[in-house]
Amino acid sequence: MNAQDDVEPFEGDDRQYSPTRLSGWLQEVNGPDRIRPEQHTRAQLADLSPRALLIYNDNRAVWHANIGPIDTPQLLDLHTELHEIVESNRQDGDKTKPAALLDAYPGLGKSTAVRAYGRKLFREKITLRGETTPSGDRRVPVIYIALSVNTQIRGLNAAICRFYGLPVTGDADTLAERAVDAVLSMRTAVFIIDDIHFLAGANTNSIRMSNQLKYLANERFQR
């Protein structure tokens, strides 16, 4: 028997999921905080076995790759502004709902910052209202979707349905109805739409896309 057969497998703390799916978003929202690896001196590292050193370095690599987000003044200011907009989004169903658009150069952490706010808001709403709705459905107060290049109206509606794990068959109107039903039953209050600049905006289509977003924002509370 090989000596390595008795060694317990080491899976590490890599977390592979897609936040654009409900199961992955729940994992991101509810996942436990990572524990920072203990710092070793050179002498301590030299005393580690080859396998123990591999495990130590693997834990360090995962830790450093997933540090943050760091609560900088800019991040805290952004979260404060988002909080004000979301908390003002309490109008009845016959009124227009506010929205926020975050724009900046690539690589500055827009998605990271907004998702961090989304996770915080999700936890707060669950703490306040519970994990299930009065009808017994799972409560999903915040959803996260990411768009791909040249997304059309149907693609936007399909992305929302895909997040909830719903079928993505049918035309744009069918998908919109399906998405709205899920939003209402799961009491979703906030949409985080990443890479919204990918929405197809040629000619009159930009107006149609704008109207579609307005429809989704307003229709969800009018039934």
# chains A, B, ... in the order shown; residues from 1 in each chain; ligands from 1

call {"tool": "residues_around", "arguments": {"residues": "A:Asp71", "least_positions_apart": "6", "cutoff": "10 Å", "atoms": "only C-alpha atoms", "output": "list in words"}}
result
Asp77, His79 and Ala113 of chain A

call {"tool": "write_last_selection", "arguments": {"atoms": "N, CA and C atoms", "output": "PDB file, in the first residue's frame"}}
result
ATOM      1  N   ASP A  77     -18.716  55.589   1.641  1.00  0.00           N
ATOM      2  CA  ASP A  77     -19.555  56.647   1.071  1.00  0.00           C
ATOM      3  C   ASP A  77     -20.523  56.071   0.036  1.00  0.00           C
ATOM      4  N   HIS A  79     -21.670  52.978  -0.154  1.00  0.00           N
ATOM      5  CA  HIS A  79     -22.690  52.188   0.532  1.00  0.00           C
ATOM      6  C   HIS A  79     -23.721  53.083   1.207  1.00  0.00           C
ATOM      7  N   ALA A 113     -17.683  46.290  -4.939  1.00  0.00           N
ATOM      8  CA  ALA A 113     -18.285  47.209  -3.981  1.00  0.00           C
ATOM      9  C   ALA A 113     -19.797  47.034  -3.904  1.00  0.00           C
TER      10      ALA A 113
END

call {"tool": "closest_residue", "arguments": {"among": "A:Ile192, A:Arg34, A:Val114, A:Glu177", "to": "A:Val142", "atoms": "only C-alpha atoms"}}
result
A:Ile192

call {"tool": "residues_around", "arguments": {"residues": "stretch 131-135 of chain A", "least_positions_apart": "2", "cutoff": "8 Å", "atoms": "only C-alpha atoms", "output": "VMD selection string"}}
result
chain A and resid 126 to 127 129 137 to 139 185 to 187

call {"tool": "write_last_selection", "arguments": {"atoms": "all heavy atoms", "output": "PDB file, in the first residue's frame"}}
result
ATOM      1  N   ILE A 126     -33.124  39.559   5.754  1.00  0.00           N
ATOM      2  CA  ILE A 126     -33.449  38.239   6.281  1.00  0.00           C
ATOM      3  C   ILE A 126     -33.560  38.298   7.802  1.00  0.00           C
ATOM      4  O   ILE A 126     -34.448  37.695   8.414  1.00  0.00           O
ATOM      5  CB  ILE A 126     -32.395  37.207   5.853  1.00  0.00           C
ATOM      6  CG1 ILE A 126     -32.439  36.993   4.331  1.00  0.00           C
ATOM      7  CG2 ILE A 126     -32.614  35.883   6.582  1.00  0.00           C
ATOM      8  CD1 ILE A 126     -33.752  36.484   3.807  1.00  0.00           C
ATOM      9  N   THR A 127     -32.657  39.039   8.435  1.00  0.00           N
ATOM     10  CA  THR A 127     -32.723  39.200   9.885  1.00  0.00           C
ATOM     11  C   THR A 127     -34.009  39.882  10.303  1.00  0.00           C
ATOM     12  O   THR A 127     -34.641  39.514  11.303  1.00  0.00           O
ATOM     13  CB  THR A 127     -31.515  40.016  10.390  1.00  0.00           C
ATOM     14  OG1 THR A 127     -30.301  39.321  10.054  1.00  0.00           O
ATOM     15  CG2 THR A 127     -31.577  40.222  11.892  1.00  0.00           C
ATOM     16  N   ARG A 129     -36.982  40.182   8.417  1.00  0.00           N
ATOM     17  CA  ARG A 129     -38.248  39.615   7.960  1.00  0.00           C
ATOM     18  C   ARG A 129     -38.284  38.086   7.952  1.00  0.00           C
ATOM     19  O   ARG A 129     -39.348  37.498   7.756  1.00  0.00           O
ATOM     20  CB  ARG A 129     -38.579  40.141   6.564  1.00  0.00           C
ATOM     21  CG  ARG A 129     -38.566  41.666   6.475  1.00  0.00           C
ATOM     22  CD  ARG A 129     -39.157  42.174   5.188  1.00  0.00           C
ATOM     23  NE  ARG A 129     -39.011  43.606   5.045  1.00  0.00           N
ATOM     24  CZ  ARG A 129     -39.771  44.515   5.668  1.00  0.00           C
ATOM     25  NH1 ARG A 129     -40.714  44.103   6.484  1.00  0.00           N
ATOM     26  NH2 ARG A 129     -39.571  45.813   5.480  1.00  0.00           N
ATOM     27  N   ASP A 137     -42.597  30.760   0.658  1.00  0.00           N
ATOM     28  CA  ASP A 137     -41.505  30.741  -0.318  1.00  0.00           C
ATOM     29  C   ASP A 137     -40.213  31.233   0.324  1.00  0.00           C
ATOM     30  O   ASP A 137     -40.233  31.941   1.339  1.00  0.00           O
ATOM     31  CB  ASP A 137     -41.847  31.648  -1.511  1.00  0.00           C
ATOM     32  CG  ASP A 137     -43.021  31.121  -2.310  1.00  0.00           C
ATOM     33  OD1 ASP A 137     -42.945  29.972  -2.768  1.00  0.00           O
ATOM     34  OD2 ASP A 137     -44.018  31.860  -2.472  1.00  0.00           O
ATOM     35  N   ARG A 138     -39.086  30.866  -0.277  1.00  0.00           N
ATOM     36  CA  ARG A 138     -37.811  31.401   0.179  1.00  0.00           C
ATOM     37  C   ARG A 138     -37.787  32.894  -0.068  1.00  0.00           C
ATOM     38  O   ARG A 138     -38.172  33.362  -1.136  1.00  0.00           O
ATOM     39  CB  ARG A 138     -36.649  30.745  -0.579  1.00  0.00           C
ATOM     40  CG  ARG A 138     -35.277  31.354  -0.230  1.00  0.00           C
ATOM     41  CD  ARG A 138     -34.196  30.872  -1.170  1.00  0.00           C
ATOM     42  NE  ARG A 138     -33.877  29.487  -0.962  1.00  0.00           N
ATOM     43  CZ  ARG A 138     -33.024  29.029  -0.029  1.00  0.00           C
ATOM     44  NH1 ARG A 138     -32.420  29.895   0.771  1.00  0.00           N
ATOM     45  NH2 ARG A 138     -32.780  27.745   0.089  1.00  0.00           N
ATOM     46  N   ARG A 139     -37.314  33.652   0.905  1.00  0.00           N
ATOM     47  CA  ARG A 139     -37.212  35.098   0.735  1.00  0.00           C
ATOM     48  C   ARG A 139     -35.861  35.418   0.097  1.00  0.00           C
ATOM     49  O   ARG A 139     -34.807  35.023   0.603  1.00  0.00           O
ATOM     50  CB  ARG A 139     -37.332  35.815   2.073  1.00  0.00           C
ATOM     51  CG  ARG A 139     -37.414  37.339   1.939  1.00  0.00           C
ATOM     52  CD  ARG A 139     -37.469  37.998   3.307  1.00  0.00           C
ATOM     53  NE  ARG A 139     -38.621  37.562   4.071  1.00  0.00           N
ATOM     54  CZ  ARG A 139     -39.854  38.058   3.945  1.00  0.00           C
ATOM     55  NH1 ARG A 139     -40.072  39.030   3.063  1.00  0.00           N
ATOM     56  NH2 ARG A 139     -40.859  37.605   4.669  1.00  0.00           N
ATOM     57  N   SER A 185     -43.144  36.460  -5.560  1.00  0.00           N
ATOM     58  CA  SER A 185     -43.287  35.371  -4.598  1.00  0.00           C
ATOM     59  C   SER A 185     -42.122  35.322  -3.626  1.00  0.00           C
ATOM     60  O   SER A 185     -42.296  34.962  -2.455  1.00  0.00           O
ATOM     61  CB  SER A 185     -43.422  34.028  -5.331  1.00  0.00           C
ATOM     62  OG  SER A 185     -42.239  33.739  -6.067  1.00  0.00           O
ATOM     63  N   MET A 186     -40.928  35.713  -4.081  1.00  0.00           N
ATOM     64  CA  MET A 186     -39.753  35.673  -3.212  1.00  0.00           C
ATOM     65  C   MET A 186     -39.437  37.022  -2.588  1.00  0.00           C
ATOM     66  O   MET A 186     -38.417  37.184  -1.928  1.00  0.00           O
ATOM     67  CB  MET A 186     -38.538  35.147  -3.998  1.00  0.00           C
ATOM     68  CG  MET A 186     -38.722  33.751  -4.528  1.00  0.00           C
ATOM     69  SD  MET A 186     -37.223  33.050  -5.238  1.00  0.00           S
ATOM     70  CE  MET A 186     -37.899  31.609  -6.070  1.00  0.00           C
ATOM     71  N   ARG A 187     -40.314  38.010  -2.825  1.00  0.00           N
ATOM     72  CA  ARG A 187     -40.202  39.328  -2.209  1.00  0.00           C
ATOM     73  C   ARG A 187     -38.860  40.000  -2.520  1.00  0.00           C
ATOM     74  O   ARG A 187     -38.234  40.596  -1.644  1.00  0.00           O
ATOM     75  CB  ARG A 187     -40.415  39.237  -0.698  1.00  0.00           C
ATOM     76  CG  ARG A 187     -41.767  38.665  -0.285  1.00  0.00           C
ATOM     77  CD  ARG A 187     -42.910  39.550  -0.754  1.00  0.00           C
ATOM     78  NE  ARG A 187     -44.218  38.998  -0.411  1.00  0.00           N
ATOM     79  CZ  ARG A 187     -44.879  39.275   0.706  1.00  0.00           C
ATOM     80  NH1 ARG A 187     -44.359  40.097   1.591  1.00  0.00           N
ATOM     81  NH2 ARG A 187     -46.073  38.759   0.926  1.00  0.00           N
TER      82      ARG A 187
END

call {"tool": "select_by_dssp", "arguments": {"residues": "stretch 18-181 of chain A", "states": "strand (DSSP E)", "output": "list in words"}}
result
Val142, Ile143, Tyr144, Ile145 and Ala146 of chain A

call {"tool": "select_by_dssp", "arguments": {"residues": "stretch 19-187 of chain A", "states": "helix (DSSP H, G or I)", "output": "number ranges by chain"}}
result
A: 22-30, 42-47, 50-65, 73-87, 110-129, 153-164, 172-185

call {"tool": "closest_residue", "arguments": {"among": "A:Leu22, A:Val62, A:Val7, A:Ala46", "to": "A:Cys161", "atoms": "only C-alpha atoms"}}
result
A:Leu22

call {"tool": "closest_residue", "arguments": {"among": "A:Pro37, A:Thr188, A:Val168, A:Ala43", "to": "A:Lys125", "atoms": "only C-alpha atoms"}}
result
A:Thr188

call {"tool": "residues_around", "arguments": {"residues": "A:Glu28", "least_positions_apart": "6", "cutoff": "12 Å", "atoms": "only C-alpha atoms", "output": "list in words"}}
result
Arg15, Gln16, Tyr17, Ser18, Pro19, Thr20, Arg21, Leu22, Arg34, Thr112, Arg115, Ala116, Gly118, Arg119, Lys120, Phe122, Arg123, Ile143 and Tyr144 of chain A

call {"tool": "atom_distance", "arguments": {"atom1": "atom CA of A:Gln44", "atom2": "atom CA of A:Trp63"}}
result
19.4 Å

call {"tool": "atom_distance", "arguments": {"atom1": "atom CA of A:Leu166", "atom2": "atom CA of A:Thr151"}}
result
18.7 Å

call {"tool": "residues_around", "arguments": {"residues": "A:Asp195", "least_positions_apart": "2", "cutoff": "12 Å", "atoms": "only C-alpha atoms", "output": "PyMOL selection string"}}
result
chain A and resi 101-104+106+110-111+114+144-151+156+192-193+197-200

call {"tool": "write_last_selection", "arguments": {"atoms": "N, CA and C atoms", "output": "mmCIF file, in the first residue's frame"}}
result
data_model
loop_
_atom_site.group_PDB
_atom_site.id
_atom_site.type_symbol
_atom_site.label_atom_id
_atom_site.label_comp_id
_atom_site.auth_asym_id
_atom_site.auth_seq_id
_atom_site.Cartn_x
_atom_site.Cartn_y
_atom_site.Cartn_z
ATOM 1 N N LEU A 101 -26.994 54.207 -10.747
ATOM 2 C CA LEU A 101 -26.088 53.760 -11.804
ATOM 3 C C LEU A 101 -24.668 54.091 -11.378
ATOM 4 N N LEU A 102 -23.839 53.074 -11.266
ATOM 5 C CA LEU A 102 -22.449 53.266 -10.851
ATOM 6 C C LEU A 102 -21.549 53.158 -12.079
ATOM 7 N N ASP A 103 -20.774 54.207 -12.327
ATOM 8 C CA ASP A 103 -19.911 54.252 -13.507
ATOM 9 C C ASP A 103 -18.503 54.662 -13.085
ATOM 10 N N ALA A 104 -17.512 53.968 -13.625
ATOM 11 C CA ALA A 104 -16.114 54.292 -13.321
ATOM 12 C C ALA A 104 -15.236 53.519 -14.292
ATOM 13 N N PRO A 106 -12.607 50.729 -15.686
ATOM 14 C CA PRO A 106 -12.508 49.301 -15.356
ATOM 15 C C PRO A 106 -11.437 49.044 -14.293
ATOM 16 N N LYS A 110 -15.945 48.214 -9.009
ATOM 17 C CA LYS A 110 -17.377 48.564 -8.993
ATOM 18 C C LYS A 110 -18.224 47.357 -8.588
ATOM 19 N N SER A 111 -18.001 46.244 -9.268
ATOM 20 C CA SER A 111 -18.795 45.044 -8.985
ATOM 21 C C SER A 111 -18.576 44.568 -7.558
ATOM 22 N N VAL A 114 -20.444 46.919 -5.056
ATOM 23 C CA VAL A 114 -21.902 46.815 -5.061
ATOM 24 C C VAL A 114 -22.345 45.457 -4.544
ATOM 25 N N TYR A 144 -28.605 39.158 -8.040
ATOM 26 C CA TYR A 144 -27.452 39.669 -8.789
ATOM 27 C C TYR A 144 -27.415 38.973 -10.144
ATOM 28 N N ILE A 145 -27.399 39.766 -11.207
ATOM 29 C CA ILE A 145 -27.255 39.207 -12.553
ATOM 30 C C ILE A 145 -26.170 39.980 -13.289
ATOM 31 N N ALA A 146 -25.526 39.308 -14.223
ATOM 32 C CA ALA A 146 -24.490 39.930 -15.051
ATOM 33 C C ALA A 146 -24.863 39.726 -16.505
ATOM 34 N N LEU A 147 -24.751 40.771 -17.294
ATOM 35 C CA LEU A 147 -25.148 40.718 -18.688
ATOM 36 C C LEU A 147 -23.952 40.405 -19.582
ATOM 37 N N SER A 148 -24.257 39.863 -20.743
ATOM 38 C CA SER A 148 -23.225 39.570 -21.728
ATOM 39 C C SER A 148 -23.329 40.576 -22.878
ATOM 40 N N VAL A 149 -22.402 40.499 -23.794
ATOM 41 C CA VAL A 149 -22.325 41.483 -24.871
ATOM 42 C C VAL A 149 -23.608 41.492 -25.706
ATOM 43 N N ASN A 150 -24.096 42.701 -25.986
ATOM 44 C CA ASN A 150 -25.243 42.914 -26.883
ATOM 45 C C ASN A 150 -26.509 42.216 -26.378
ATOM 46 N N THR A 151 -26.770 42.324 -25.090
ATOM 47 C CA THR A 151 -27.962 41.703 -24.513
ATOM 48 C C THR A 151 -29.222 42.403 -25.007
ATOM 49 N N LEU A 156 -32.169 39.826 -21.218
ATOM 50 C CA LEU A 156 -32.271 40.390 -19.877
ATOM 51 C C LEU A 156 -33.268 39.604 -19.040
ATOM 52 N N ILE A 192 -29.409 43.864 -8.644
ATOM 53 C CA ILE A 192 -28.063 44.333 -8.981
ATOM 54 C C ILE A 192 -27.764 43.807 -10.372
ATOM 55 N N ILE A 193 -27.643 44.705 -11.337
ATOM 56 C CA ILE A 193 -27.395 44.322 -12.733
ATOM 57 C C ILE A 193 -25.979 44.767 -13.096
ATOM 58 N N HIS A 197 -23.893 48.152 -19.347
ATOM 59 C CA HIS A 197 -23.534 48.780 -20.626
ATOM 60 C C HIS A 197 -23.587 47.779 -21.776
ATOM 61 N N PHE A 198 -23.711 46.483 -21.458
ATOM 62 C CA PHE A 198 -23.837 45.474 -22.509
ATOM 63 C C PHE A 198 -25.242 45.427 -23.100
ATOM 64 N N LEU A 199 -26.179 46.130 -22.498
ATOM 65 C CA LEU A 199 -27.513 46.159 -23.084
ATOM 66 C C LEU A 199 -27.453 46.769 -24.468
ATOM 67 N N ALA A 200 -28.029 46.072 -25.427
ATOM 68 C CA ALA A 200 -28.001 46.557 -26.804
ATOM 69 C C ALA A 200 -28.698 47.898 -26.883
#

call {"tool": "residues_around", "arguments": {"residues": "A:Val86", "least_positions_apart": "4", "cutoff": "8 Å", "atoms": "only C-alpha atoms", "output": "VMD selection string"}}
result
chain A and resid 82 90 98 to 99 190

call {"tool": "write_last_selection", "arguments": {"atoms": "C-alpha atoms", "output": "compact mmCIF listing (two decimals), in the first residue's frame"}}
result
# COMPACT_ATOMS: atom_id res chain seq x y z
CA LEU A 82 -26.86 53.22 -2.06
CA ARG A 90 -40.62 52.12 -0.43
CA PRO A 98 -35.59 55.02 -7.88
CA ALA A 99 -32.40 53.44 -9.20
CA VAL A 190 -33.33 45.03 -5.20

call {"tool": "closest_residue", "arguments": {"among": "A:Gly165, A:Asn157, A:Gln74, A:His40", "to": "A:Ser23", "atoms": "only C-alpha atoms"}}
result
A:Gly165

call {"tool": "closest_residue", "arguments": {"among": "A:Asp13, A:Gly24, A:Ile85, A:Leu48", "to": "A:Ala61", "atoms": "only C-alpha atoms"}}
result
A:Asp13
